[in-house]
$ cat final.txt   # compact mmCIF, C-alpha atoms
# COMPACT_ATOMS: atom_id res chain seq x y z
CA MET A 1 0.00 0.00 0.00
CA ASP A 2 1.21 3.49 -0.86
CA ILE A 3 1.24 5.08 2.61
CA ALA A 4 1.86 8.63 1.35
CA SER A 5 -1.19 8.58 -0.91
CA LEU A 6 -3.39 7.05 1.77
CA ILE A 7 -2.26 9.59 4.38
CA GLY A 8 -2.82 12.44 1.93
CA VAL A 9 -6.35 11.34 1.05
CA LEU A 10 -7.38 10.74 4.64
CA LEU A 11 -5.73 13.90 5.98
CA GLY A 12 -7.30 16.10 3.32
CA TRP A 13 -10.82 14.82 3.87
CA VAL A 14 -10.49 14.78 7.67
CA LEU A 15 -9.36 18.41 7.73
CA VAL A 16 -12.27 19.49 5.51
CA ILE A 17 -14.84 17.54 7.54
CA VAL A 18 -13.46 18.74 10.89
CA ALA A 19 -13.50 22.34 9.67
CA ILE A 20 -17.15 21.92 8.64
CA ILE A 21 -18.14 20.36 11.98
CA MET A 22 -16.39 23.12 13.91
CA GLY A 23 -18.61 25.68 12.17
CA GLY A 24 -21.93 23.84 12.25
CA PRO A 25 -23.67 20.51 11.54
CA LEU A 26 -22.23 18.34 8.78
CA GLY A 27 -25.67 17.64 7.35
CA ILE A 28 -26.06 21.13 5.90
CA PHE A 29 -23.26 20.31 3.46
CA VAL A 30 -25.15 17.35 2.00
CA ASP A 31 -27.28 18.25 -1.00
CA VAL A 32 -28.39 15.62 -3.48
CA PRO A 33 -29.03 17.98 -6.45
CA SER A 34 -25.53 19.42 -6.02
CA ILE A 35 -24.02 15.93 -5.98
CA MET A 36 -25.95 15.03 -9.12
CA ILE A 37 -24.79 18.14 -10.95
CA VAL A 38 -21.10 17.91 -10.05
CA PHE A 39 -20.37 14.18 -9.97
CA GLY A 40 -23.00 13.13 -12.48
CA GLY A 41 -22.06 15.94 -14.83
CA THR A 42 -18.36 15.15 -14.57
CA ILE A 43 -18.97 11.49 -15.40
CA ALA A 44 -21.31 12.39 -18.28
CA ALA A 45 -18.77 14.79 -19.79
CA SER A 46 -16.00 12.19 -19.36
CA LEU A 47 -18.10 9.67 -21.28
CA MET A 48 -18.32 12.17 -24.12
CA CYS A 49 -14.53 12.63 -24.15
CA PHE A 50 -13.28 9.08 -23.51
CA LYS A 51 -14.18 5.48 -24.18
CA LEU A 52 -16.58 3.77 -21.80
CA GLN A 53 -13.89 1.28 -20.81
CA SER A 54 -11.55 4.11 -19.82
CA VAL A 55 -14.17 5.84 -17.68
CA LEU A 56 -15.17 2.60 -15.97
CA GLY A 57 -11.50 1.91 -15.31
CA VAL A 58 -11.01 5.12 -13.32
CA ILE A 59 -11.71 3.23 -10.08
CA GLY A 60 -9.03 0.72 -10.98
CA ILE A 61 -6.64 3.58 -11.67
CA CYS A 62 -7.24 5.10 -8.23
CA LYS A 63 -6.92 1.66 -6.66
CA LYS A 64 -3.58 1.15 -8.38
CA VAL A 65 -2.31 4.49 -7.09
CA LEU A 66 -3.34 3.74 -3.50
CA LEU A 67 -2.84 0.04 -3.03
CA TYR A 68 0.00 -1.18 -5.23
CA PRO A 69 3.41 0.29 -4.35
CA LEU A 70 6.30 -0.54 -6.65
CA PRO A 71 9.43 -2.34 -5.44
CA THR A 72 12.37 -0.02 -5.02
CA PRO A 73 15.08 -0.03 -7.71
CA THR A 74 17.61 -1.22 -5.13
CA GLU A 75 15.43 -4.25 -4.35
CA GLU A 76 15.08 -4.99 -8.05
CA ILE A 77 18.82 -4.70 -8.63
CA GLU A 78 19.51 -7.16 -5.80
CA ARG A 79 16.95 -9.57 -7.26
CA ILE A 80 18.40 -9.37 -10.78
CA VAL A 81 21.97 -9.77 -9.52
CA GLY A 82 20.73 -12.91 -7.72
CA TYR A 83 19.35 -14.20 -11.01
CA SER A 84 22.68 -13.39 -12.63
CA ASN A 85 24.60 -15.38 -10.02
CA LEU A 86 22.30 -18.36 -10.55
CA ALA A 87 22.57 -18.18 -14.34
CA ARG A 88 26.34 -17.82 -14.09
CA ARG A 89 26.66 -20.94 -11.97
CA GLU A 90 24.04 -23.21 -13.52
CA GLY A 91 23.06 -21.67 -16.87
CA LEU A 92 19.98 -19.79 -18.08
CA LEU A 93 17.73 -22.83 -17.76
CA ALA A 94 18.26 -22.71 -14.00
CA LEU A 95 16.13 -19.53 -13.95
CA GLU A 96 13.12 -21.69 -14.80
CA GLU A 97 12.71 -22.55 -11.13
CA LYS A 98 12.53 -18.85 -10.21
CA ILE A 99 9.72 -17.91 -12.59
CA ASP A 100 6.93 -19.20 -10.34
CA GLU A 101 8.30 -17.07 -7.48
CA VAL A 102 8.06 -13.86 -9.53
CA SER A 103 4.86 -11.89 -8.96
CA ASP A 104 5.54 -9.20 -11.57
CA ASP A 105 4.26 -10.13 -15.04
CA PHE A 106 6.89 -8.07 -16.85
CA THR A 107 9.82 -9.70 -15.02
CA ARG A 108 8.30 -13.15 -15.53
CA LYS A 109 7.91 -12.48 -19.25
CA ALA A 110 11.47 -11.17 -19.54
CA LEU A 111 12.91 -14.25 -17.85
CA ARG A 112 10.79 -16.55 -19.98
CA LEU A 113 12.04 -14.92 -23.17
CA ILE A 114 15.71 -15.45 -22.36
CA ILE A 115 15.10 -18.99 -21.05
CA ASP A 116 13.36 -19.86 -24.33
CA GLY A 117 16.43 -18.68 -26.23
CA PHE A 118 15.10 -15.64 -28.08
CA PRO A 119 17.92 -13.44 -29.41
CA GLY A 120 18.75 -10.25 -27.49
CA PRO A 121 17.39 -7.79 -30.09
CA THR A 122 14.09 -9.68 -30.19
CA VAL A 123 13.83 -9.68 -26.39
CA ARG A 124 14.51 -5.95 -26.31
CA GLU A 125 11.93 -5.26 -29.01
CA ILE A 126 9.20 -7.28 -27.28
CA LEU A 127 9.81 -5.76 -23.86
CA GLU A 128 10.09 -2.21 -25.20
CA ILE A 129 6.67 -2.66 -26.85
CA ASP A 130 5.34 -3.69 -23.43
CA ILE A 131 6.82 -0.55 -21.89
CA GLU A 132 5.36 1.67 -24.62
CA ASN A 133 1.90 0.16 -24.11
CA LEU A 134 2.20 0.72 -20.37
CA MET A 135 3.03 4.37 -20.98
CA ALA A 136 0.07 4.72 -23.33
CA ARG A 137 -2.37 3.22 -20.79
CA HIS A 138 -1.09 5.40 -17.97
CA SER A 139 -1.13 8.47 -20.19
CA GLU A 140 -4.80 7.89 -21.04
CA GLY A 141 -5.64 7.38 -17.36
CA LYS A 142 -3.82 10.55 -16.35
CA LYS A 143 -5.50 12.51 -19.11
CA LEU A 144 -8.90 11.25 -17.95
CA LEU A 145 -8.27 12.31 -14.35
CA ASP A 146 -6.85 15.68 -15.46
CA ASN A 147 -9.99 16.31 -17.50
CA MET A 148 -12.22 15.33 -14.59
CA GLY A 149 -10.24 17.72 -12.40
CA ALA A 150 -10.90 20.51 -14.88
CA MET A 151 -14.57 19.66 -15.43
CA ALA A 152 -15.65 19.24 -11.80
CA PRO A 153 -15.22 22.95 -10.90
CA ALA A 154 -16.91 23.88 -14.17
CA PHE A 155 -19.95 21.82 -13.23
CA GLY A 156 -19.77 23.46 -9.82
CA MET A 157 -20.20 26.81 -11.57
CA ILE A 158 -23.06 25.40 -13.63
CA GLY A 159 -24.75 24.34 -10.42
CA THR A 160 -24.16 27.80 -8.99
CA LEU A 161 -25.92 29.36 -11.97
CA ILE A 162 -28.83 26.91 -11.62
CA GLY A 163 -29.12 27.71 -7.94
CA LEU A 164 -29.06 31.45 -8.54
CA VAL A 165 -31.79 31.18 -11.18
CA GLN A 166 -33.93 29.14 -8.78
CA MET A 167 -33.30 31.63 -6.02
CA LEU A 168 -34.19 34.66 -8.16
CA GLN A 169 -37.40 33.01 -9.34
CA ASN A 170 -38.49 32.40 -5.76
CA MET A 171 -37.62 35.66 -4.07
CA SER A 172 -41.08 35.77 -2.51
CA ASP A 173 -40.67 32.29 -1.02
CA PRO A 174 -38.03 32.14 1.76
CA ALA A 175 -37.87 28.33 1.58
CA GLY A 176 -37.15 28.48 -2.16
CA ILE A 177 -34.41 31.06 -1.63
CA GLY A 178 -32.67 28.81 0.89
CA LYS A 179 -32.83 25.80 -1.42
CA GLY A 180 -31.53 27.77 -4.36
CA MET A 181 -28.65 29.21 -2.34
CA ALA A 182 -27.77 25.72 -1.07
CA VAL A 183 -27.48 24.37 -4.60
CA ALA A 184 -25.61 27.48 -5.72
CA LEU A 185 -22.95 27.31 -3.01
CA LEU A 186 -22.63 23.57 -2.49
CA THR A 187 -22.09 22.74 -6.15
CA THR A 188 -19.13 25.12 -6.21
CA PHE A 189 -17.88 23.51 -2.99
CA TYR A 190 -18.26 19.97 -4.33
CA GLY A 191 -16.56 20.88 -7.58
CA ALA A 192 -13.56 22.51 -5.90
CA VAL A 193 -13.12 19.81 -3.27
CA SER A 194 -13.46 16.86 -5.66
CA ALA A 195 -11.04 18.42 -8.13
CA ASN A 196 -8.38 19.26 -5.55
CA LEU A 197 -8.72 16.24 -3.25
CA ILE A 198 -9.47 13.51 -5.81
CA TYR A 199 -8.94 14.10 -9.51
CA ILE A 200 -5.91 16.38 -9.75
CA PRO A 201 -3.85 14.71 -6.96
CA PHE A 202 -4.60 11.26 -8.36
CA ALA A 203 -3.66 12.39 -11.88
CA THR A 204 -0.35 13.77 -10.62
CA LYS A 205 0.33 10.65 -8.59
CA LEU A 206 -0.46 8.43 -11.57
CA GLY A 207 1.97 10.44 -13.71
CA ASN A 208 4.70 10.00 -11.11
CA ARG A 209 3.93 6.31 -10.68
CA SER A 210 4.02 5.81 -14.44
CA LYS A 211 7.46 7.40 -14.65
CA GLU A 212 8.73 5.24 -11.77
CA GLU A 213 7.31 2.07 -13.32
CA VAL A 214 8.81 2.81 -16.73
CA GLU A 215 12.22 3.41 -15.15
CA LEU A 216 11.90 0.20 -13.16
CA ARG A 217 10.94 -1.83 -16.23
CA SER A 218 13.81 -0.32 -18.20
CA LEU A 219 16.12 -1.42 -15.39
CA ILE A 220 14.70 -4.94 -15.53
CA LEU A 221 15.06 -5.00 -19.32
CA GLU A 222 18.74 -4.06 -19.22
CA GLY A 223 19.39 -6.48 -16.38
CA VAL A 224 17.79 -9.43 -18.15
CA LEU A 225 19.68 -8.67 -21.37
CA ALA A 226 22.94 -8.49 -19.40
CA ILE A 227 22.20 -11.91 -17.89
CA GLN A 228 21.47 -13.30 -21.35
CA ALA A 229 24.73 -11.85 -22.66
CA GLY A 230 26.61 -13.74 -19.95
CA ASP A 231 27.90 -10.69 -18.10
CA LYS A 232 29.43 -11.28 -14.69
CA PRO A 233 27.14 -10.45 -11.75
CA ALA A 234 29.44 -7.61 -10.71
CA LEU A 235 29.15 -6.09 -14.18
CA VAL A 236 25.37 -6.54 -14.15
CA LYS A 237 25.23 -4.67 -10.85
CA GLU A 238 27.39 -1.83 -12.19
CA LYS A 239 25.21 -1.47 -15.28
CA LEU A 240 22.02 -1.31 -13.24
CA LYS A 241 23.45 1.16 -10.73
CA SER A 242 23.35 3.78 -13.47
CA PHE A 243 19.55 3.83 -13.08
CA ILE A 244 19.64 4.98 -9.45
CA SER A 245 20.90 7.94 -7.44
CA PRO A 246 24.40 8.02 -5.89
CA LYS A 247 22.90 7.61 -2.42
CA SER A 248 20.98 4.52 -3.51
CA ARG A 249 24.13 3.13 -5.11
CA GLU A 250 25.74 3.11 -1.67
CA LEU A 251 22.88 0.93 -0.41
CA VAL A 252 23.40 -1.48 -3.30
CA ASP A 253 27.15 -1.64 -2.66
CA SER A 254 26.60 -2.30 1.05
CA SER A 255 24.23 -5.20 0.37
CA LYS A 256 25.55 -8.70 0.14

$ encode --input "final.txt" --output "structure tokens"
Amino acid sequence: MDIASLIGVLLGWVLVIVAIIMGGPLGIFVDVPSIMIVFGGTIAASLMCFKLQSVLGVIGICKKVLLYPLPTPTEEIERIVGYSNLARREGLLALEEKIDEVSDDFTRKALRLIIDGFPGPTVREILEIDIENLMARHSEGKKLLDNMGAMAPAFGMIGTLIGLVQMLQNMSDPAGIGKGMAVALLTTFYGAVSANLIYIPFATKLGNRSKEEVELRSLILEGVLAIQAGDKPALVKEKLKSFISPKSRELVDSSK
């Protein structure tokens, strides 16, 4: 689980809710028409801009951001150097026994390709296509969330206009004025909060996660190709250290 994302989401919502409760009852900030306008309108507009499958997958995107942290590059380097040691001692076919222990599909596929004897250029081409497709999927998800972050405040303004019209048409009815003002103000509130506590942060996080995952997969690609080429484990480690910061290199060097 990505602790930073979880803390950020919880802290943001807790602060907003506590601030509301400190000023009055929480129930006055619940308005069904406002929710329909902002969240329903944002989803409707997203369906007009993106494929149905992409919009339905937005929950999966948010789940990925929150619940599936990536292994660190130092951990991956240690794992690949271990594979290199095994292949150096017993040959590439010895990696067959490690495949079932690998949870990452990309790493499993990379090992399978070199075990099956595909030439290095072919392995690189196949895995680079995988990386490009990953980037394309993440780019579409980020674009969807960015658009939702831009549209939610806009629908908040639409709700404000609707509420003001309702209020002006019922100036003689105090109950109607209150209802119109509630819709007018709460739609703006919902739009701003949802954009700044859900859509935009998740889009930014997804962009960062995508960059991290691409870098990690590139590291795995180069490591697997180095193993296939028969490089010594020490050389494999030195090649992969170029993917990480100097401080992280010290951690790799200090590991056994």

$ atom_distance --input "final.txt" --atom1 "atom CA of A:Glu238" --atom2 "atom CA of A:Leu225"
13.8 Å

$ residues_around --input "final.txt" --residues "A:Pro201" --least-positions-apart "4" --cutoff "10 Å" --atoms "only C-alpha atoms" --output "ChimeraX atom specification"
/A:5,8-9,145-146,149,194-197,205-207

$ atom_distance --input "final.txt" --atom1 "atom CA of A:Tyr68" --atom2 "atom CA of A:Ile80"
20.9 Å

$ residues_around --input "final.txt" --residues "A:Ile244" --least-positions-apart "6" --cutoff "10 Å" --atoms "all atoms listed in the file" --output "list in words"
Thr72, Pro73, Thr74, Ile77, Glu215, Leu216, Leu219 and Val252 of chain A

$ closest_residue --input "final.txt" --among "A:Ile177, A:Glu140, A:Ala229, A:Val224" --to "A:Gly57" --atoms "only C-alpha atoms"
A:Glu140

$ build_atoms --input "final.txt" --residues "stretch 147-169 of chain A" --atoms "N, CA and C atoms" --output "short mmCIF file (atom, residue, chain, number, x, y, z; two decimals), in the coordinates of the input"
data_model
loop_
_atom_site.label_atom_id
_atom_site.label_comp_id
_atom_site.auth_asym_id
_atom_site.auth_seq_id
_atom_site.Cartn_x
_atom_site.Cartn_y
_atom_site.Cartn_z
N ASN A 147 -8.76 15.73 -16.94
CA ASN A 147 -9.99 16.31 -17.50
C ASN A 147 -11.10 16.36 -16.46
N MET A 148 -11.21 15.32 -15.65
CA MET A 148 -12.22 15.33 -14.59
C MET A 148 -11.92 16.43 -13.58
N GLY A 149 -10.62 16.65 -13.30
CA GLY A 149 -10.24 17.72 -12.40
C GLY A 149 -10.58 19.09 -12.95
N ALA A 150 -10.54 19.23 -14.27
CA ALA A 150 -10.90 20.51 -14.88
C ALA A 150 -12.41 20.68 -15.00
N MET A 151 -13.12 19.57 -15.22
CA MET A 151 -14.57 19.66 -15.43
C MET A 151 -15.38 19.79 -14.14
N ALA A 152 -14.88 19.20 -13.05
CA ALA A 152 -15.65 19.24 -11.80
C ALA A 152 -15.91 20.67 -11.32
N PRO A 153 -14.92 21.57 -11.27
CA PRO A 153 -15.22 22.95 -10.90
C PRO A 153 -16.15 23.65 -11.89
N ALA A 154 -16.03 23.28 -13.17
CA ALA A 154 -16.91 23.88 -14.17
C ALA A 154 -18.37 23.49 -13.91
N PHE A 155 -18.59 22.23 -13.56
CA PHE A 155 -19.95 21.82 -13.23
C PHE A 155 -20.39 22.44 -11.90
N GLY A 156 -19.43 22.71 -11.03
CA GLY A 156 -19.77 23.46 -9.82
C GLY A 156 -20.31 24.84 -10.15
N MET A 157 -19.71 25.50 -11.14
CA MET A 157 -20.20 26.81 -11.57
C MET A 157 -21.56 26.69 -12.26
N ILE A 158 -21.75 25.62 -13.02
CA ILE A 158 -23.06 25.40 -13.63
C ILE A 158 -24.13 25.26 -12.55
N GLY A 159 -23.81 24.49 -11.52
CA GLY A 159 -24.75 24.34 -10.42
C GLY A 159 -25.01 25.65 -9.71
N THR A 160 -23.98 26.48 -9.60
CA THR A 160 -24.16 27.80 -8.99
C THR A 160 -25.14 28.64 -9.79
N LEU A 161 -25.00 28.61 -11.12
CA LEU A 161 -25.92 29.36 -11.97
C LEU A 161 -27.35 28.83 -11.84
N ILE A 162 -27.50 27.50 -11.79
CA ILE A 162 -28.83 26.91 -11.62
C ILE A 162 -29.44 27.36 -10.29
N GLY A 163 -28.63 27.31 -9.25
CA GLY A 163 -29.12 27.71 -7.94
C GLY A 163 -29.51 29.17 -7.88
N LEU A 164 -28.73 30.02 -8.54
CA LEU A 164 -29.06 31.45 -8.54
C LEU A 164 -30.35 31.72 -9.30
N VAL A 165 -30.54 31.02 -10.42
CA VAL A 165 -31.79 31.18 -11.18
C VAL A 165 -32.98 30.76 -10.32
N GLN A 166 -32.85 29.61 -9.65
CA GLN A 166 -33.93 29.14 -8.78
C GLN A 166 -34.20 30.12 -7.65
N MET A 167 -33.14 30.68 -7.12
CA MET A 167 -33.30 31.63 -6.02
C MET A 167 -34.00 32.91 -6.49
N LEU A 168 -33.61 33.41 -7.65
CA LEU A 168 -34.19 34.66 -8.16
C LEU A 168 -35.65 34.48 -8.55
N GLN A 169 -36.01 33.25 -8.97
CA GLN A 169 -37.40 33.01 -9.34
C GLN A 169 -38.30 32.80 -8.13
#
